[in-house]
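Source file: data.txt; contents: compact mmCIF, C-alpha atoms and all ligand atoms.
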```
# COMPACT_ATOMS: atom_id res chain seq x y z
CA MET A 1 0.00 0.00 0.00
CA ALA A 2 1.09 3.56 -0.57
CA GLY A 3 0.17 7.20 -0.27
CA ILE A 4 -0.18 9.56 -3.21
CA ARG A 5 1.33 12.99 -3.75
CA LEU A 6 0.36 15.43 -6.48
CA ARG A 7 2.71 18.34 -7.12
CA ASN A 8 1.53 21.29 -9.23
CA VAL A 9 -0.31 18.93 -11.53
CA LYS A 10 -1.87 20.45 -14.66
CA LYS A 11 -3.93 19.05 -17.50
CA ARG A 12 -4.52 20.73 -20.83
CA TYR A 13 -6.59 19.49 -23.75
CA GLY A 14 -5.01 21.50 -26.56
CA ALA A 15 -5.08 25.10 -25.33
CA PHE A 16 -7.88 24.37 -22.84
CA GLU A 17 -6.57 23.91 -19.30
CA VAL A 18 -8.92 21.86 -17.09
CA ILE A 19 -6.68 21.14 -14.05
CA HIS A 20 -4.79 24.21 -12.91
CA GLY A 21 -1.83 23.23 -10.77
CA VAL A 22 -3.16 20.92 -8.06
CA ASP A 23 -1.13 20.02 -4.94
CA LEU A 24 -2.48 17.23 -2.79
CA ASP A 25 -1.22 14.69 -0.23
CA ILE A 26 -3.14 11.46 0.28
CA ASP A 27 -1.87 9.33 3.14
CA ASP A 28 -1.29 5.61 3.03
CA HIS A 29 -4.56 3.75 3.91
CA GLU A 30 -6.58 6.92 3.60
CA PHE A 31 -10.06 7.06 2.00
CA VAL A 32 -10.14 10.29 0.03
CA VAL A 33 -13.18 11.52 -1.86
CA PHE A 34 -13.06 13.99 -4.76
CA VAL A 35 -16.33 15.85 -4.87
CA GLY A 36 -17.60 18.76 -6.93
CA PRO A 37 -20.08 19.69 -9.64
CA SER A 38 -20.14 17.96 -13.00
CA GLY A 39 -17.24 19.06 -15.22
CA CYS A 40 -15.00 20.32 -12.38
CA GLY A 41 -12.22 17.84 -13.21
CA LYS A 42 -12.79 14.94 -10.76
CA SER A 43 -12.51 12.18 -13.35
CA THR A 44 -9.62 13.86 -15.12
CA LEU A 45 -7.61 14.06 -11.91
CA LEU A 46 -8.40 10.44 -11.04
CA ARG A 47 -7.47 9.27 -14.54
CA MET A 48 -4.19 11.17 -14.28
CA ILE A 49 -3.38 9.23 -11.09
CA ALA A 50 -4.30 6.02 -12.91
CA GLY A 51 -2.17 6.95 -15.91
CA LEU A 52 -5.17 6.89 -18.28
CA GLU A 53 -4.64 10.59 -19.02
CA VAL A 54 -1.24 12.13 -19.76
CA THR A 55 -0.21 14.69 -17.13
CA THR A 56 0.60 17.92 -18.98
CA SER A 57 2.95 19.19 -16.26
CA GLY A 58 3.72 18.59 -12.60
CA GLU A 59 4.48 15.31 -10.85
CA ILE A 60 2.56 12.39 -9.38
CA PHE A 61 4.07 10.08 -6.76
CA ILE A 62 2.62 6.79 -5.54
CA GLY A 63 4.55 5.71 -2.47
CA ASP A 64 8.17 6.60 -3.21
CA ARG A 65 7.81 6.20 -6.96
CA ASN A 66 7.47 9.08 -9.37
CA VAL A 67 4.83 7.57 -11.67
CA THR A 68 4.19 10.70 -13.79
CA GLY A 69 5.37 9.16 -17.05
CA MET A 70 4.57 5.53 -16.26
CA GLU A 71 2.07 3.34 -18.10
CA PRO A 72 -1.09 2.48 -16.15
CA VAL A 73 -0.07 -1.19 -15.73
CA ASP A 74 3.19 -0.21 -14.05
CA ARG A 75 1.55 2.01 -11.41
CA ASN A 76 -0.04 -0.85 -9.46
CA VAL A 77 -3.40 0.88 -9.19
CA SER A 78 -6.86 -0.59 -9.90
CA MET A 79 -9.70 1.48 -11.19
CA VAL A 80 -13.45 0.82 -10.89
CA PHE A 81 -15.71 2.66 -13.32
CA GLN A 82 -19.34 3.69 -13.17
CA SER A 83 -20.02 1.65 -16.32
CA TYR A 84 -18.56 -1.60 -14.81
CA ALA A 85 -16.84 -2.35 -18.17
CA LEU A 86 -17.23 -6.13 -17.87
CA TYR A 87 -16.60 -8.51 -20.79
CA PRO A 88 -20.08 -9.80 -21.71
CA HIS A 89 -18.91 -13.12 -23.18
CA MET A 90 -16.88 -14.10 -20.10
CA THR A 91 -18.16 -15.54 -16.84
CA VAL A 92 -17.74 -13.66 -13.58
CA GLU A 93 -14.75 -15.83 -12.73
CA GLN A 94 -13.13 -15.18 -16.11
CA ASN A 95 -13.82 -11.45 -15.86
CA MET A 96 -12.24 -11.24 -12.44
CA GLY A 97 -9.18 -13.26 -13.39
CA PHE A 98 -8.65 -11.79 -16.84
CA ALA A 99 -5.95 -9.21 -16.05
CA LEU A 100 -4.02 -11.68 -13.91
CA ARG A 101 -4.06 -14.36 -16.62
CA ALA A 102 -3.07 -11.78 -19.22
CA ASN A 103 -0.04 -10.98 -17.06
CA GLY A 104 0.90 -14.67 -17.10
CA MET A 105 0.03 -15.44 -13.49
CA ASP A 106 -0.05 -19.08 -12.47
CA LYS A 107 -3.56 -20.64 -12.86
CA ASP A 108 -3.85 -21.83 -9.28
CA GLU A 109 -2.88 -18.42 -7.92
CA VAL A 110 -5.48 -16.73 -10.17
CA LYS A 111 -8.12 -19.14 -8.87
CA ARG A 112 -7.07 -18.51 -5.29
CA ARG A 113 -7.24 -14.75 -5.66
CA VAL A 114 -10.58 -14.79 -7.48
CA GLY A 115 -12.01 -17.06 -4.77
CA GLU A 116 -10.72 -14.76 -2.05
CA ALA A 117 -12.23 -11.64 -3.68
CA ALA A 118 -15.51 -13.46 -4.37
CA GLY A 119 -15.67 -14.36 -0.68
CA ILE A 120 -15.10 -10.76 0.40
CA LEU A 121 -17.83 -9.53 -1.96
CA HIS A 122 -20.29 -12.43 -1.40
CA ILE A 123 -20.46 -13.38 -5.07
CA GLU A 124 -19.20 -16.98 -4.85
CA GLU A 125 -22.48 -18.37 -6.18
CA PHE A 126 -22.33 -16.21 -9.32
CA LEU A 127 -18.83 -17.17 -10.49
CA ASP A 128 -20.15 -19.23 -13.44
CA ARG A 129 -22.68 -16.65 -14.63
CA LYS A 130 -22.20 -14.13 -17.38
CA PRO A 131 -22.73 -10.41 -16.64
CA ALA A 132 -26.09 -10.33 -18.47
CA ALA A 133 -27.48 -12.70 -15.82
CA LEU A 134 -26.53 -10.37 -12.94
CA SER A 135 -28.28 -7.39 -11.35
CA GLY A 136 -26.65 -3.95 -11.41
CA GLY A 137 -25.39 -4.31 -7.87
CA GLN A 138 -23.92 -7.76 -8.61
CA ARG A 139 -22.16 -6.44 -11.70
CA GLN A 140 -20.66 -3.61 -9.71
CA ARG A 141 -19.38 -6.17 -7.20
CA VAL A 142 -17.70 -8.08 -10.02
CA ALA A 143 -16.08 -4.85 -11.22
CA ILE A 144 -14.79 -4.23 -7.69
CA GLY A 145 -13.67 -7.86 -7.46
CA ARG A 146 -11.65 -7.43 -10.62
CA ALA A 147 -9.86 -4.54 -8.89
CA ILE A 148 -9.28 -6.47 -5.65
CA VAL A 149 -7.64 -9.53 -7.25
CA ARG A 150 -4.76 -7.42 -8.50
CA HIS A 151 -3.74 -6.50 -4.93
CA PRO A 152 -3.06 -2.90 -5.97
CA ASP A 153 -1.36 -0.22 -3.89
CA VAL A 154 -4.23 2.13 -4.62
CA PHE A 155 -7.91 1.72 -5.54
CA LEU A 156 -9.46 4.39 -7.73
CA PHE A 157 -13.27 4.60 -7.99
CA ASP A 158 -15.05 6.85 -10.48
CA GLU A 159 -18.70 7.26 -9.43
CA PRO A 160 -19.04 3.50 -8.97
CA LEU A 161 -22.55 3.66 -7.50
CA SER A 162 -24.18 6.22 -9.78
CA ASN A 163 -25.93 3.58 -11.91
CA LEU A 164 -27.58 1.87 -8.95
CA ASP A 165 -30.97 2.63 -7.45
CA ALA A 166 -31.11 4.59 -4.19
CA GLU A 167 -31.49 1.64 -1.83
CA LEU A 168 -28.71 -0.37 -3.42
CA ARG A 169 -26.47 2.69 -3.43
CA VAL A 170 -26.79 2.99 0.33
CA HIS A 171 -26.05 -0.71 0.72
CA MET A 172 -23.00 -0.63 -1.59
CA ARG A 173 -21.72 2.48 0.17
CA PHE A 174 -21.69 0.48 3.35
CA GLU A 175 -19.92 -2.41 1.56
CA ILE A 176 -17.24 -0.14 0.15
CA ASP A 177 -16.64 1.30 3.60
CA ARG A 178 -16.23 -2.23 4.97
CA LEU A 179 -13.96 -3.15 2.10
CA HIS A 180 -11.73 -0.19 2.89
CA LYS A 181 -11.44 -1.28 6.51
CA ARG A 182 -10.83 -4.90 5.58
CA LEU A 183 -8.20 -4.26 2.90
CA ASP A 184 -6.71 -1.27 4.73
CA ALA A 185 -6.01 0.15 1.28
CA THR A 186 -5.51 3.67 -0.01
CA MET A 187 -8.68 4.58 -1.88
CA VAL A 188 -9.57 7.59 -3.98
CA TYR A 189 -13.25 7.87 -4.75
CA VAL A 190 -14.95 10.29 -7.12
CA THR A 191 -18.57 11.31 -6.67
CA HIS A 192 -20.82 14.29 -7.24
CA ASP A 193 -22.99 13.07 -4.34
CA GLN A 194 -22.11 14.97 -1.21
CA VAL A 195 -23.84 12.41 1.02
CA GLU A 196 -21.52 9.70 -0.33
CA ALA A 197 -18.60 12.04 0.26
CA MET A 198 -19.63 12.83 3.83
CA THR A 199 -20.23 9.22 4.82
CA LEU A 200 -17.26 7.49 3.16
CA ALA A 201 -14.38 9.92 3.38
CA ASP A 202 -11.57 10.25 5.85
CA LYS A 203 -10.77 13.36 3.86
CA ILE A 204 -12.81 15.24 1.25
CA VAL A 205 -11.28 17.24 -1.59
CA VAL A 206 -13.77 19.79 -2.94
CA LEU A 207 -13.02 20.68 -6.56
CA ARG A 208 -14.40 23.49 -8.68
CA ASP A 209 -13.38 24.38 -12.22
CA GLY A 210 -10.07 22.53 -11.94
CA TYR A 211 -9.02 24.06 -8.63
CA ILE A 212 -9.12 22.62 -5.11
CA GLU A 213 -11.47 24.76 -3.01
CA GLN A 214 -10.82 23.01 0.31
CA VAL A 215 -9.46 19.78 1.77
CA GLY A 216 -10.62 18.49 5.14
CA THR A 217 -12.52 15.88 7.09
CA PRO A 218 -16.26 15.82 6.40
CA LEU A 219 -17.02 17.59 9.66
CA GLU A 220 -14.31 20.21 9.16
CA LEU A 221 -15.89 21.13 5.84
CA PHE A 222 -19.37 21.19 7.35
CA ASP A 223 -18.45 23.17 10.47
CA ASN A 224 -15.75 25.39 9.10
CA PRO A 225 -15.97 25.97 5.33
CA ASP A 226 -13.29 28.24 3.89
CA ASN A 227 -15.61 29.84 1.38
CA GLN A 228 -19.17 30.18 0.18
CA PHE A 229 -18.78 27.51 -2.49
CA VAL A 230 -17.83 24.80 0.02
CA ALA A 231 -20.44 26.07 2.48
CA GLY A 232 -23.11 25.73 -0.21
CA PHE A 233 -21.89 22.40 -1.58
CA ILE A 234 -21.62 20.44 1.67
CA GLY A 235 -24.93 19.95 3.49
CA ALA A 236 -28.43 19.13 2.25
CA PRO A 237 -30.66 21.01 1.99
CA LYS A 238 -28.12 23.69 1.15
CA MET A 239 -27.02 26.53 3.40
CA ASN A 240 -29.17 29.66 2.99
CA PHE A 241 -27.43 32.83 1.82
CA VAL A 242 -28.81 36.35 2.30
CA PRO A 243 -27.32 39.83 1.94
CA ALA A 244 -26.10 41.51 5.14
CA VAL A 245 -25.08 45.15 5.51
CA VAL A 246 -22.37 46.18 7.98
CA GLU A 247 -23.69 48.79 10.43
CA GLU A 248 -20.73 49.14 12.74
CA GLN A 249 -17.76 47.31 14.19
CA GLY A 250 -17.21 47.63 17.92
CA GLU A 251 -16.01 45.86 21.03
CA ALA A 252 -18.88 43.39 21.02
CA GLY A 253 -18.36 42.45 17.38
CA THR A 254 -19.71 43.44 14.00
CA ARG A 255 -23.31 44.57 13.87
CA LEU A 256 -25.12 43.61 10.67
CA VAL A 257 -28.62 44.14 9.37
CA LEU A 258 -30.46 41.87 6.96
CA PRO A 259 -32.38 44.16 4.58
CA SER A 260 -34.23 41.43 2.67
CA LEU A 261 -35.57 39.91 5.89
CA GLY A 262 -37.20 43.04 7.34
CA SER A 263 -33.86 44.51 8.54
CA PRO A 264 -33.37 42.69 11.83
CA ALA A 265 -29.88 43.13 13.31
CA LEU A 266 -27.38 40.68 14.78
CA THR A 267 -23.89 41.09 16.17
CA MET A 268 -21.18 38.61 15.23
CA PRO A 269 -17.68 38.39 16.71
CA LEU A 270 -15.34 38.48 13.71
CA GLY A 271 -11.71 38.37 14.83
CA ASP A 272 -9.75 41.33 13.53
CA ARG A 273 -11.17 41.54 10.02
CA THR A 274 -12.10 45.17 9.28
CA LEU A 275 -15.27 45.76 7.29
CA GLU A 276 -16.53 49.09 6.05
CA ARG A 277 -19.71 50.60 7.32
CA GLY A 278 -22.40 50.15 4.66
CA GLN A 279 -20.53 47.28 2.98
CA THR A 280 -22.73 44.44 1.80
CA VAL A 281 -21.56 40.91 2.60
CA THR A 282 -23.33 37.53 2.53
CA LEU A 283 -24.65 35.78 5.60
CA GLY A 284 -24.98 31.99 5.52
CA ILE A 285 -27.15 29.89 7.82
CA ARG A 286 -27.86 26.16 7.54
CA PRO A 287 -31.52 25.03 7.61
CA GLU A 288 -30.92 23.02 10.79
CA HIS A 289 -29.38 25.98 12.64
CA PHE A 290 -32.35 28.33 12.90
CA ALA A 291 -33.83 28.79 16.36
CA PHE A 292 -37.54 29.00 17.06
CA GLU A 293 -37.20 30.56 20.53
CA PRO A 294 -35.78 34.03 21.17
CA CYS A 295 -31.98 33.97 21.23
CA ASP A 296 -28.96 36.19 20.63
CA GLY A 297 -29.42 36.80 16.93
CA ALA A 298 -31.72 38.14 14.23
CA ARG A 299 -35.48 37.78 14.61
CA LEU A 300 -37.37 36.89 11.44
CA GLU A 301 -41.03 36.94 10.49
CA LEU A 302 -41.68 34.58 7.62
CA VAL A 303 -44.53 32.85 5.86
CA CYS A 304 -44.36 29.14 5.17
CA GLU A 305 -44.84 28.39 1.46
CA LEU A 306 -44.30 24.64 1.68
CA ALA A 307 -43.75 22.31 4.63
CA GLU A 308 -41.87 19.10 3.80
CA GLN A 309 -42.53 16.64 6.61
CA LEU A 310 -39.75 14.04 6.78
CA GLY A 311 -40.84 12.52 10.08
CA ASP A 312 -38.17 13.62 12.50
CA ILE A 313 -37.66 16.99 10.82
CA ALA A 314 -39.79 19.31 8.70
CA TYR A 315 -38.23 21.57 6.10
CA LEU A 316 -40.15 24.82 5.89
CA TYR A 317 -39.70 26.59 2.56
CA SER A 318 -40.43 30.11 3.68
CA ALA A 319 -40.38 33.68 2.43
CA SER A 320 -39.99 37.09 4.00
CA GLN A 321 -42.27 39.97 3.16
CA ASP A 322 -39.63 41.17 0.68
CA GLY A 323 -39.66 37.81 -1.08
CA GLU A 324 -36.35 36.48 0.29
CA ARG A 325 -36.59 32.68 0.40
CA LEU A 326 -35.17 30.53 3.20
CA ILE A 327 -35.29 26.83 4.06
CA LEU A 328 -35.67 26.15 7.78
CA GLY A 329 -35.36 22.78 9.49
CA LEU A 330 -37.83 22.35 12.33
CA ARG A 331 -37.67 19.38 14.71
CA GLY A 332 -40.30 18.30 17.20
CA ASP A 333 -43.18 20.26 15.68
CA ARG A 334 -45.22 18.84 12.81
CA SER A 335 -47.91 21.51 12.94
CA LYS A 336 -46.62 23.96 10.32
CA ARG A 337 -48.56 24.24 7.08
CA GLU A 338 -48.52 26.30 3.93
CA GLY A 339 -49.59 29.86 4.72
CA ASP A 340 -48.62 29.73 8.42
CA ALA A 341 -46.69 32.60 9.95
CA ILE A 342 -43.28 31.55 11.27
CA GLU A 343 -41.21 33.34 13.86
CA ALA A 344 -37.60 32.21 13.67
CA TYR A 345 -34.17 33.38 14.75
CA ILE A 346 -30.72 33.29 13.23
CA PRO A 347 -28.44 32.62 16.21
CA ALA A 348 -25.36 34.83 15.81
CA GLU A 349 -23.00 31.98 16.73
CA ARG A 350 -24.43 29.74 13.99
CA ALA A 351 -24.13 32.26 11.14
CA PHE A 352 -21.28 32.42 8.60
CA LEU A 353 -20.17 35.52 6.69
CA PHE A 354 -18.68 35.69 3.20
CA ASP A 355 -17.19 38.59 1.27
CA GLY A 356 -17.97 39.61 -2.30
CA ASP A 357 -15.52 37.02 -3.66
CA GLY A 358 -17.13 34.26 -1.63
CA GLY A 359 -14.21 34.10 0.84
CA ARG A 360 -15.05 33.39 4.46
CA ILE A 361 -14.97 36.36 6.85
CA ARG A 362 -14.07 35.15 10.33
P1 LIG B 1 -16.02 15.60 -13.82
O1 LIG B 1 -15.54 14.20 -13.73
O2 LIG B 1 -15.72 16.42 -12.59
O3 LIG B 1 -17.47 15.72 -14.19
P2 LIG B 1 -14.15 15.76 -16.03
O4 LIG B 1 -12.87 15.50 -15.35
O5 LIG B 1 -14.75 14.66 -16.82
O6 LIG B 1 -15.21 16.35 -15.01
O7 LIG B 1 -13.97 17.00 -17.03
C1 LIG B 1 -13.33 18.19 -16.65
C2 LIG B 1 -13.30 19.15 -17.82
O8 LIG B 1 -12.46 18.62 -18.83
C3 LIG B 1 -14.66 19.37 -18.47
O9 LIG B 1 -14.75 20.72 -18.81
C4 LIG B 1 -14.60 18.49 -19.69
O10 LIG B 1 -15.41 19.00 -20.72
C5 LIG B 1 -13.14 18.56 -20.07
N1 LIG B 1 -12.68 17.35 -20.78
C6 LIG B 1 -12.70 16.08 -20.32
N2 LIG B 1 -12.19 15.22 -21.22
C7 LIG B 1 -11.84 15.97 -22.30
C8 LIG B 1 -11.26 15.68 -23.59
N3 LIG B 1 -10.93 14.43 -23.93
N4 LIG B 1 -11.08 16.73 -24.43
C9 LIG B 1 -11.39 17.99 -24.08
N5 LIG B 1 -11.93 18.33 -22.89
C10 LIG B 1 -12.16 17.35 -22.02
MG MG B 2 -16.58 12.40 -14.03
```
Once more with this new file: its structure as structure tokens, please.
Ligand code: ADP
Ligand code: MG
Amino acid sequence: MAGIRLRNVKKRYGAFEVIHGVDLDIDDHEFVVFVGPSGCGKSTLLRMIAGLEVTTSGEIFIGDRNVTGMEPVDRNVSMVFQSYALYPHMTVEQNMGFALRANGMDKDEVKRRVGEAAGILHIEEFLDRKPAALSGGQRQRVAIGRAIVRHPDVFLFDEPLSNLDAELRVHMRFEIDRLHKRLDATMVYVTHDQVEAMTLADKIVVLRDGYIEQVGTPLELFDNPDNQFVAGFIGAPKMNFVPAVVEEQGEAGTRLVLPSLGSPALTMPLGDRTLERGQTVTLGIRPEHFAFEPCDGARLELVCELAEQLGDIAYLYSASQDGERLILGLRGDRSKREGDAIEAYIPAERAFLFDGDGGRIR
């Protein structure tokens, strides 16, 4: 097993640069998730680690080896794709053993490794079937099995669960987590699904337009986002953002008013960052962090436009008189309906502030 280091890695297609100088350290045994919107460069970066895309400049290390110019087969990585990419005319056993046989491995050793992987993935009874006779989840297991038998230093997954239905996705997520613990392998996993990222990752890398926005544990990103993009990407439903105008900065903190919410005020302690009086910034508040009892913060009067009852929590899609829309999470009260008046509070200690460039003000 081995860690991975990326040093100022860039990728250009012709004149079009899609990865803009990425630096990243992935520790041995770590489960790292690349997350970000479609087209941000997740697959490209993963394929560069695999050697399936040429790295335009910069260096990639796996363990102590500089693999930047190496062929995929020499990097000792295994990749699992969303599309499974199984050979339809081969049985499960033949699919799983194919790469090993092609490398001239001894037949008994191939059989042993395929049996071992089949045991880990609970697919022993399907070894003689062809892919067409398997469900989507079973096919994805075979694709993962094909990666396991090679005993790679690093596993690379590109949206492996995106073709599965919701229930199976949750189940396979659990299986992949178990697999990581059992194999104690370094794994890099690409997804656009932030729930997958939050639940699987030791460390999440948030990408946007070919740049890394932030790297951290799931809870670090949730509790302490560096910028508005990460704040909005991690968490569902999304963090609410509203304009806030700076009234004054004093001993007690920075006093802000929220013009689109009826101009209530709140005072936030903000370190030593100086803001100008009258400057407009953006306040962020997660749906789950509103208060429904008076507290130190901004008082809001809203009207509920839609109440989504999820059982333990209700999401209230609400609007202010000025038409500003907010999503509030309410626990322990199922009474709210469309048209109801809602009194809510933004607790000052739960709010985030962002500047005009989306950078965090703290
Ligand atoms: P993601 O996996 O995050 O959805 P990709 O890594 O597939 O994104 O793509 C990143 C960017 O690179 C996109 O803008 C995409 O259009 C571009 N891209 C990917 N492959 C090629 C290619 N072969 N030629 C030109 N542009 C490409
Ligand atoms: Mg992709």
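Closest to Leu207 (chain A) among A:Leu6, A:Leu270, A:Val35, A:Val92 is A:Val35, based on only C-alpha atoms.
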Show me which residues are within 10 Å of ligand MG 2 (chain B) counting all atoms listed in the file, and format the list as a PyMOL selection string. chain A and resi 35-47+81-82+158-159+190-192
Emit the selected residues as a PDB file, keeping the file's coordinate frame, including C-alpha atoms.
```
ATOM      1  CA  VAL A  35     -16.330  15.850  -4.870  1.00  0.00           C
ATOM      2  CA  GLY A  36     -17.600  18.760  -6.930  1.00  0.00           C
ATOM      3  CA  PRO A  37     -20.080  19.690  -9.640  1.00  0.00           C
ATOM      4  CA  SER A  38     -20.140  17.960 -13.000  1.00  0.00           C
ATOM      5  CA  GLY A  39     -17.240  19.060 -15.220  1.00  0.00           C
ATOM      6  CA  CYS A  40     -15.000  20.320 -12.380  1.00  0.00           C
ATOM      7  CA  GLY A  41     -12.220  17.840 -13.210  1.00  0.00           C
ATOM      8  CA  LYS A  42     -12.790  14.940 -10.760  1.00  0.00           C
ATOM      9  CA  SER A  43     -12.510  12.180 -13.350  1.00  0.00           C
ATOM     10  CA  THR A  44      -9.620  13.860 -15.120  1.00  0.00           C
ATOM     11  CA  LEU A  45      -7.610  14.060 -11.910  1.00  0.00           C
ATOM     12  CA  LEU A  46      -8.400  10.440 -11.040  1.00  0.00           C
ATOM     13  CA  ARG A  47      -7.470   9.270 -14.540  1.00  0.00           C
ATOM     14  CA  PHE A  81     -15.710   2.660 -13.320  1.00  0.00           C
ATOM     15  CA  GLN A  82     -19.340   3.690 -13.170  1.00  0.00           C
ATOM     16  CA  ASP A 158     -15.050   6.850 -10.480  1.00  0.00           C
ATOM     17  CA  GLU A 159     -18.700   7.260  -9.430  1.00  0.00           C
ATOM     18  CA  VAL A 190     -14.950  10.290  -7.120  1.00  0.00           C
ATOM     19  CA  THR A 191     -18.570  11.310  -6.670  1.00  0.00           C
ATOM     20  CA  HIS A 192     -20.820  14.290  -7.240  1.00  0.00           C
TER      21      HIS A 192
END
```
For Ser57 (chain A), work out the shell of residues within 12 Å, counting all atoms listed in the file and skipping chain neighbours fewer than 4 positions away, then give it as a compact mmCIF listing (two decimals) with C-alpha atoms, keeping the file's coordinate frame.
```
# COMPACT_ATOMS: atom_id res chain seq x y z
CA LEU A 6 0.36 15.43 -6.48
CA ARG A 7 2.71 18.34 -7.12
CA ASN A 8 1.53 21.29 -9.23
CA VAL A 9 -0.31 18.93 -11.53
CA LYS A 10 -1.87 20.45 -14.66
CA LYS A 11 -3.93 19.05 -17.50
CA ARG A 12 -4.52 20.73 -20.83
CA GLU A 17 -6.57 23.91 -19.30
CA ILE A 19 -6.68 21.14 -14.05
CA HIS A 20 -4.79 24.21 -12.91
CA GLY A 21 -1.83 23.23 -10.77
CA VAL A 22 -3.16 20.92 -8.06
CA MET A 48 -4.19 11.17 -14.28
CA GLU A 53 -4.64 10.59 -19.02
CA THR A 68 4.19 10.70 -13.79
CA GLY A 69 5.37 9.16 -17.05
```
Spatial neighbours of Phe222 (chain A), max dist 8 Å, all atoms listed in the file, sep filter under 5 positions, as a list in words: Ala231, Ile234 and Gly235 of chain A
Expected file contents, prior selection, C-alpha atoms, as a tab-separated table (two decimals), in the frame of the given file:
```
chain	number	residue	atom	x	y	z
A	231	ALA	CA	-20.44	26.07	2.48
A	234	ILE	CA	-21.62	20.44	1.67
A	235	GLY	CA	-24.93	19.95	3.49
```
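CA of Val73 (chain A) to CA of Ala50 (chain A) spans 8.8 Å [interatomic distance, one decimal].
Residues within 8 Å of region 104-121 of chain A, counting all atoms listed in the file and excluding same-chain residues fewer than 2 positions away, are Glu93, Met96, Gly97, Leu100, Arg101, Ala102, Ile123, Glu124, Leu127, Arg141, Gly145, Ile148, Val149 and Leu179 of chain A.
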Centre and edge lengths, as JSON, for the axis-aligned box enclosing every listed atom of ligand LIG 1 (chain B) with 5 Å of padding on each of the six sides, in Å to one decimal?
```
{"center_x": -14.2, "center_y": 17.5, "center_z": -18.5, "size_x": 16.5, "size_y": 16.5, "size_z": 21.8}
```
